[in-house]
file final_13.csv (CSV, N, CA and C atoms)
chain,number,residue,atom,x,y,z
A,1,MET,N,17.0,-9.8,34.8
A,1,MET,CA,16.2,-11.0,35.2
A,1,MET,C,16.4,-12.1,34.2
A,2,PRO,N,16.9,-13.3,34.7
A,2,PRO,CA,17.1,-14.4,33.8
A,2,PRO,C,15.7,-14.9,33.4
A,3,GLY,N,15.6,-15.4,32.2
A,3,GLY,CA,14.4,-16.0,31.7
A,3,GLY,C,13.4,-15.0,31.0
A,4,LYS,N,13.7,-13.7,31.1
A,4,LYS,CA,12.9,-12.7,30.5
A,4,LYS,C,13.3,-12.7,29.0
A,5,PRO,N,12.3,-12.9,28.1
A,5,PRO,CA,12.6,-13.0,26.7
A,5,PRO,C,13.0,-11.6,26.2
A,6,LYS,N,13.9,-11.6,25.2
A,6,LYS,CA,14.4,-10.4,24.6
A,6,LYS,C,13.3,-9.8,23.7
A,7,LYS,N,13.1,-8.5,23.8
A,7,LYS,CA,12.1,-7.8,23.0
A,7,LYS,C,12.5,-7.9,21.6
A,8,GLU,N,11.5,-8.3,20.7
A,8,GLU,CA,11.8,-8.5,19.3
A,8,GLU,C,11.1,-7.4,18.5
A,9,ALA,N,11.6,-6.9,17.5
A,9,ALA,CA,11.0,-5.9,16.6
A,9,ALA,C,9.8,-6.4,15.9
A,10,ILE,N,8.8,-5.6,15.7
A,10,ILE,CA,7.6,-6.0,14.9
A,10,ILE,C,8.0,-6.1,13.5
A,11,LEU,N,8.8,-5.2,13.0
A,11,LEU,CA,9.2,-5.2,11.6
A,11,LEU,C,10.7,-5.4,11.5
A,12,ASN,N,11.1,-6.1,10.5
A,12,ASN,CA,12.5,-6.3,10.2
A,12,ASN,C,12.9,-5.4,9.1
A,13,LEU,N,13.4,-4.2,9.3
A,13,LEU,CA,13.8,-3.3,8.3
A,13,LEU,C,15.3,-3.4,7.9
A,14,GLU,N,15.9,-4.5,8.3
A,14,GLU,CA,17.3,-4.7,8.0
A,14,GLU,C,17.6,-4.7,6.5
A,15,LYS,N,16.7,-5.3,5.7
A,15,LYS,CA,17.0,-5.4,4.3
A,15,LYS,C,16.8,-4.0,3.6
A,16,HIS,N,16.2,-3.0,4.3
A,16,HIS,CA,16.0,-1.7,3.7
A,16,HIS,C,17.1,-0.7,4.2
A,17,THR,N,18.0,-1.1,5.0
A,17,THR,CA,19.0,-0.2,5.5
A,17,THR,C,19.9,0.2,4.4
A,18,ASP,N,20.3,1.5,4.3
A,18,ASP,CA,21.1,2.1,3.3
A,18,ASP,C,20.3,2.2,2.0
A,19,ARG,N,19.0,2.1,2.0
A,19,ARG,CA,18.2,2.2,0.8
A,19,ARG,C,17.1,3.3,1.0
A,20,PRO,N,16.7,3.9,-0.1
A,20,PRO,CA,15.6,5.0,0.1
A,20,PRO,C,14.3,4.4,0.5
A,21,VAL,N,13.6,5.1,1.5
A,21,VAL,CA,12.3,4.7,2.0
A,21,VAL,C,11.4,6.0,2.0
A,22,HIS,N,10.1,5.7,1.9
A,22,HIS,CA,9.1,6.8,2.0
A,22,HIS,C,8.4,6.6,3.3
A,23,VAL,N,8.3,7.6,4.1
A,23,VAL,CA,7.7,7.5,5.5
A,23,VAL,C,6.5,8.5,5.6
A,24,LYS,N,5.3,8.0,6.1
A,24,LYS,CA,4.2,8.8,6.4
A,24,LYS,C,4.0,8.9,7.9
A,25,PHE,N,3.8,10.1,8.4
A,25,PHE,CA,3.6,10.3,9.8
A,25,PHE,C,2.2,10.7,10.2
A,26,SER,N,1.8,10.4,11.4
A,26,SER,CA,0.5,10.9,11.9
A,26,SER,C,0.6,12.5,11.8
A,27,GLY,N,-0.4,13.1,11.5
A,27,GLY,CA,-0.4,14.5,11.3
A,27,GLY,C,-0.3,14.9,9.8
A,28,GLY,N,0.1,13.9,9.0
A,28,GLY,CA,0.1,14.2,7.5
A,28,GLY,C,1.4,14.4,6.9
A,29,ARG,N,2.5,14.6,7.6
A,29,ARG,CA,3.8,14.8,7.0
A,29,ARG,C,4.3,13.6,6.3
A,30,GLU,N,5.0,13.8,5.2
A,30,GLU,CA,5.6,12.7,4.4
A,30,GLU,C,7.1,13.1,4.1
A,31,VAL,N,8.0,12.1,4.2
A,31,VAL,CA,9.4,12.3,3.8
A,31,VAL,C,9.9,11.1,3.1
A,32,THR,N,11.0,11.4,2.3
A,32,THR,CA,11.8,10.3,1.8
A,32,THR,C,13.2,10.5,2.2
A,33,GLY,N,13.9,9.4,2.4
A,33,GLY,CA,15.3,9.5,2.8
A,33,GLY,C,15.9,8.1,2.8
A,34,ILE,N,17.2,8.1,3.1
A,34,ILE,CA,17.9,6.8,3.1
A,34,ILE,C,17.9,6.3,4.5
A,35,LEU,N,17.4,5.1,4.7
A,35,LEU,CA,17.3,4.5,6.1
A,35,LEU,C,18.7,4.1,6.6
A,36,LYS,N,19.1,4.8,7.6
A,36,LYS,CA,20.4,4.5,8.2
A,36,LYS,C,20.4,3.6,9.5
A,37,GLY,N,19.2,3.7,10.2
A,37,GLY,CA,19.1,2.9,11.4
A,37,GLY,C,17.7,2.9,11.9
A,38,PHE,N,17.4,2.0,12.8
A,38,PHE,CA,16.1,1.8,13.4
A,38,PHE,C,16.2,1.0,14.7
A,39,ASP,N,15.2,1.1,15.5
A,39,ASP,CA,15.2,0.3,16.7
A,39,ASP,C,13.8,-0.4,16.9
A,40,THR,N,13.6,-1.1,18.0
A,40,THR,CA,12.4,-1.9,18.2
A,40,THR,C,11.2,-1.0,18.3
A,41,ALA,N,11.4,0.2,18.7
A,41,ALA,CA,10.2,1.1,18.9
A,41,ALA,C,9.9,1.8,17.5
A,42,LEU,N,10.6,1.4,16.5
A,42,LEU,CA,10.4,2.0,15.1
A,42,LEU,C,10.9,3.4,15.0
A,43,ASN,N,11.8,3.8,15.9
A,43,ASN,CA,12.5,5.1,15.8
A,43,ASN,C,13.4,4.9,14.6
A,44,LEU,N,13.4,5.9,13.7
A,44,LEU,CA,14.2,5.8,12.4
A,44,LEU,C,15.2,6.9,12.3
A,45,VAL,N,16.4,6.6,11.7
A,45,VAL,CA,17.4,7.6,11.4
A,45,VAL,C,17.4,7.6,9.8
A,46,LEU,N,17.1,8.8,9.3
A,46,LEU,CA,17.1,8.9,7.8
A,46,LEU,C,18.1,9.9,7.4
A,47,ASP,N,18.8,9.7,6.3
A,47,ASP,CA,19.8,10.6,5.8
A,47,ASP,C,19.3,11.1,4.4
A,48,GLU,N,19.8,12.3,4.0
A,48,GLU,CA,19.4,12.9,2.7
A,48,GLU,C,17.9,13.0,2.6
A,49,THR,N,17.3,13.4,3.7
A,49,THR,CA,15.8,13.5,3.9
A,49,THR,C,15.2,14.7,3.2
A,50,ARG,N,14.1,14.4,2.5
A,50,ARG,CA,13.3,15.5,1.8
A,50,ARG,C,11.9,15.4,2.3
A,51,GLU,N,11.3,16.5,2.8
A,51,GLU,CA,10.0,16.5,3.2
A,51,GLU,C,9.1,17.1,2.1
A,52,TYR,N,8.0,16.4,1.8
A,52,TYR,CA,7.0,16.9,0.9
A,52,TYR,C,6.1,17.9,1.5
A,53,LEU,N,6.1,19.1,0.9
A,53,LEU,CA,5.4,20.2,1.5
A,53,LEU,C,3.9,20.2,1.1
A,54,ARG,N,3.1,20.8,2.0
A,54,ARG,CA,1.6,20.9,1.8
A,54,ARG,C,1.2,22.3,1.4
A,55,ASP,N,0.2,22.4,0.6
A,55,ASP,CA,-0.4,23.7,0.3
A,55,ASP,C,-1.4,24.0,1.3
A,56,LEU,N,-1.0,24.6,2.4
A,56,LEU,CA,-1.8,24.9,3.6
A,56,LEU,C,-3.0,25.9,3.2
A,57,ASP,N,-2.7,26.9,2.4
A,57,ASP,CA,-3.7,27.8,2.0
A,57,ASP,C,-4.9,27.1,1.4
A,58,ASP,N,-4.6,26.2,0.4
A,58,ASP,CA,-5.6,25.5,-0.3
A,58,ASP,C,-6.3,24.5,0.7
A,59,HIS,N,-5.5,23.9,1.6
A,59,HIS,CA,-6.0,23.0,2.6
A,59,HIS,C,-7.1,23.7,3.4
A,60,TYR,N,-6.8,24.9,3.9
A,60,TYR,CA,-7.8,25.6,4.8
A,60,TYR,C,-9.0,26.1,4.0
A,61,LYS,N,-8.7,26.5,2.7
A,61,LYS,CA,-9.8,27.1,1.9
A,61,LYS,C,-10.9,26.0,1.7
A,62,ARG,N,-10.4,24.8,1.5
A,62,ARG,CA,-11.4,23.7,1.2
A,62,ARG,C,-11.9,23.1,2.5
A,63,ARG,N,-11.6,23.7,3.6
A,63,ARG,CA,-12.1,23.2,5.0
A,63,ARG,C,-11.8,21.8,5.2
A,64,LEU,N,-10.5,21.4,5.0
A,64,LEU,CA,-10.1,20.0,5.2
A,64,LEU,C,-9.3,20.0,6.5
A,65,VAL,N,-9.5,20.9,7.4
A,65,VAL,CA,-8.7,21.0,8.6
A,65,VAL,C,-8.9,19.7,9.4
A,66,GLU,N,-10.1,19.1,9.3
A,66,GLU,CA,-10.4,17.9,10.1
A,66,GLU,C,-9.7,16.7,9.6
A,67,ASP,N,-9.2,16.8,8.3
A,67,ASP,CA,-8.5,15.6,7.8
A,67,ASP,C,-7.1,16.0,7.3
A,68,PRO,N,-6.1,16.1,8.2
A,68,PRO,CA,-4.8,16.5,7.8
A,68,PRO,C,-4.0,15.5,6.9
A,69,ASP,N,-4.6,14.3,6.8
A,69,ASP,CA,-3.9,13.2,6.0
A,69,ASP,C,-4.4,13.3,4.6
A,70,ASP,N,-5.2,14.2,4.2
A,70,ASP,CA,-5.7,14.3,2.8
A,70,ASP,C,-4.5,14.6,1.9
A,71,PRO,N,-4.2,13.6,1.0
A,71,PRO,CA,-3.1,13.7,0.1
A,71,PRO,C,-3.2,14.7,-1.0
A,72,SER,N,-4.5,15.2,-1.2
A,72,SER,CA,-4.7,16.2,-2.2
A,72,SER,C,-4.0,17.5,-2.0
A,73,SER,N,-3.6,17.8,-0.7
A,73,SER,CA,-3.0,19.0,-0.4
A,73,SER,C,-1.5,19.0,-0.5
A,74,LEU,N,-0.9,17.8,-0.8
A,74,LEU,CA,0.5,17.7,-1.1
A,74,LEU,C,0.9,18.4,-2.4
A,75,VAL,N,2.0,19.0,-2.4
A,75,VAL,CA,2.5,19.6,-3.6
A,75,VAL,C,3.8,19.0,-4.0
A,76,GLU,N,4.2,19.3,-5.2
A,76,GLU,CA,5.5,18.7,-5.7
A,76,GLU,C,6.7,19.3,-5.1
A,77,GLU,N,6.6,20.4,-4.4
A,77,GLU,CA,7.7,21.1,-3.8
A,77,GLU,C,8.2,20.3,-2.6
A,78,THR,N,9.5,20.2,-2.4
A,78,THR,CA,10.1,19.6,-1.2
A,78,THR,C,11.1,20.5,-0.6
A,79,ARG,N,11.4,20.2,0.7
A,79,ARG,CA,12.5,20.9,1.3
A,79,ARG,C,13.5,19.9,1.9
A,80,TYR,N,14.8,20.2,1.8
A,80,TYR,CA,15.8,19.3,2.2
A,80,TYR,C,16.0,19.5,3.7
A,81,LEU,N,16.0,18.3,4.4
A,81,LEU,CA,16.2,18.3,5.8
A,81,LEU,C,17.6,17.7,6.3
A,82,GLY,N,18.2,16.9,5.4
A,82,GLY,CA,19.4,16.3,5.7
A,82,GLY,C,19.2,15.0,6.6
A,83,ILE,N,20.0,14.9,7.7
A,83,ILE,CA,19.9,13.7,8.5
A,83,ILE,C,18.8,14.0,9.6
A,84,VAL,N,17.9,13.1,9.8
A,84,VAL,CA,16.8,13.3,10.8
A,84,VAL,C,16.6,12.1,11.7
A,85,VAL,N,16.1,12.2,12.9
A,85,VAL,CA,15.7,11.1,13.7
A,85,VAL,C,14.2,11.2,13.8
A,86,CYS,N,13.5,10.2,13.4
A,86,CYS,CA,12.0,10.2,13.4
A,86,CYS,C,11.5,9.3,14.6
A,87,ARG,N,10.6,9.9,15.4
A,87,ARG,CA,10.1,9.2,16.5
A,87,ARG,C,9.1,8.1,16.0
A,88,GLY,N,9.3,6.9,16.6
A,88,GLY,CA,8.6,5.7,16.1
A,88,GLY,C,7.1,5.8,16.4
A,89,THR,N,6.7,6.6,17.4
A,89,THR,CA,5.2,6.7,17.7
A,89,THR,C,4.5,7.5,16.7
A,90,ALA,N,5.2,8.3,15.9
A,90,ALA,CA,4.6,9.2,14.9
A,90,ALA,C,4.6,8.5,13.5
A,91,VAL,N,5.3,7.4,13.3
A,91,VAL,CA,5.4,6.7,12.0
A,91,VAL,C,4.1,5.9,11.8
A,92,MET,N,3.4,6.2,10.7
A,92,MET,CA,2.2,5.5,10.3
A,92,MET,C,2.5,4.5,9.3
A,93,CYS,N,3.4,4.8,8.4
A,93,CYS,CA,3.6,3.9,7.2
A,93,CYS,C,5.1,4.1,6.8
A,94,ILE,N,5.7,3.0,6.5
A,94,ILE,CA,7.1,3.1,5.9
A,94,ILE,C,7.1,2.1,4.7
A,95,MET,N,7.6,2.5,3.6
A,95,MET,CA,7.7,1.7,2.4
A,95,MET,C,8.9,2.0,1.6
A,96,PRO,N,9.4,1.0,0.9
A,96,PRO,CA,10.6,1.2,0.1
A,96,PRO,C,10.2,2.2,-1.0
A,97,TYR,N,11.2,3.1,-1.3
A,97,TYR,CA,10.9,4.2,-2.3
A,97,TYR,C,11.1,3.6,-3.7
A,98,GLU,N,12.1,2.8,-3.9
A,98,GLU,CA,12.4,2.1,-5.2
A,98,GLU,C,11.4,0.9,-5.4
A,99,GLY,N,10.9,0.8,-6.5
A,99,GLY,CA,10.1,-0.4,-6.8
A,99,GLY,C,8.6,-0.1,-6.5
A,100,THR,N,8.2,1.1,-6.2
A,100,THR,CA,6.8,1.4,-6.0
A,100,THR,C,6.4,2.4,-7.1
A,101,GLU,N,5.1,2.3,-7.5
A,101,GLU,CA,4.6,3.2,-8.5
A,101,GLU,C,3.2,3.5,-8.1
A,102,GLU,N,2.7,4.7,-8.6
A,102,GLU,CA,1.3,5.1,-8.3
A,102,GLU,C,0.4,4.4,-9.4
A,103,ILE,N,-0.7,3.9,-8.9
A,103,ILE,CA,-1.6,3.3,-9.8
A,103,ILE,C,-3.0,4.1,-9.8
A,104,ALA,N,-3.8,3.9,-10.8
A,104,ALA,CA,-5.1,4.5,-10.8
A,104,ALA,C,-6.0,3.8,-9.7
A,105,ASN,N,-6.9,4.6,-9.2
A,105,ASN,CA,-7.8,4.1,-8.2
A,105,ASN,C,-8.9,3.2,-8.9
A,106,PRO,N,-8.9,1.9,-8.6
A,106,PRO,CA,-9.9,1.1,-9.3
A,106,PRO,C,-11.3,1.3,-8.8
A,107,PHE,N,-11.5,1.9,-7.7
A,107,PHE,CA,-12.8,2.2,-7.1
A,107,PHE,C,-13.4,3.5,-7.6
A,108,LEU,N,-12.6,4.3,-8.2
A,108,LEU,CA,-13.1,5.6,-8.7
A,108,LEU,C,-14.0,5.4,-9.9
A,109,ALA,N,-13.7,4.5,-10.8
A,109,ALA,CA,-14.5,4.3,-11.9
A,109,ALA,C,-15.9,3.7,-11.5
A,110,GLN,N,-15.9,2.8,-10.5
A,110,GLN,CA,-17.1,2.2,-10.0
A,110,GLN,C,-18.0,3.3,-9.4
A,111,ALA,N,-17.4,4.2,-8.7
A,111,ALA,CA,-18.2,5.3,-8.0
A,111,ALA,C,-18.8,6.2,-9.0
A,112,GLU,N,-18.1,6.4,-10.2
A,112,GLU,CA,-18.7,7.3,-11.2
A,112,GLU,C,-19.9,6.6,-11.9
A,113,ILE,N,-19.8,5.3,-12.0
A,113,ILE,CA,-20.9,4.5,-12.7
A,113,ILE,C,-22.2,4.5,-11.9
A,114,ALA,N,-22.0,4.4,-10.6
A,114,ALA,CA,-23.1,4.3,-9.7
A,114,ALA,C,-23.9,5.6,-9.5

call {"tool": "encode", "arguments": {"input": "final_13.csv", "output": "structure tokens"}}
result
Amino acid sequence: MPGKPKKEAILNLEKHTDRPVHVKFSGGREVTGILKGFDTALNLVLDETREYLRDLDDHYKRRLVEDPDDPSSLVEETRYLGIVVCRGTAVMCIMPYEGTEEIANPFLAQAEIA
């Protein structure tokens, strides 16, 4: 149909192509990998992908089944997945891996004072 505007991507990930990214998915999984491609639906192709594993025994012991996104159940152990295609509807967050650092929670100190 002439006159129909071309669908444009919400995010422009072009500058992150061939660079490491960290991706969080609905359901709580997290991976890092090299972004090789993407489309307008945010489907991603990642290479050299590593998934961060969860301590499920500890997760269920503490009755956190209702909150699978609880980062406290992540462990340092990873597993190598290689090249993967990630469905865009499951992607919750994507960020560059390089240039990010973990900082202390500024609200934690305020909560302890109150």

call {"tool": "atom_distance", "arguments": {"input": "final_13.csv", "atom1": "CA of Thr49 in chain A", "atom2": "CA of Lys36 in chain A"}}
result
11.0 Å

call {"tool": "atom_distance", "arguments": {"input": "final_13.csv", "atom1": "CA of Gly88 in chain A", "atom2": "CA of Ser26 in chain A"}}
result
10.5 Å

call {"tool": "closest_residue", "arguments": {"input": "final_13.csv", "among": "A:Val84, A:Lys4, A:Leu13, A:Phe25", "to": "Leu46 in chain A", "atoms": "only C-alpha atoms"}}
result
A:Val84

call {"tool": "atom_distance", "arguments": {"input": "final_13.csv", "atom1": "CA of Cys93 in chain A", "atom2": "CA of Glu77 in chain A"}}
result
20.8 Å
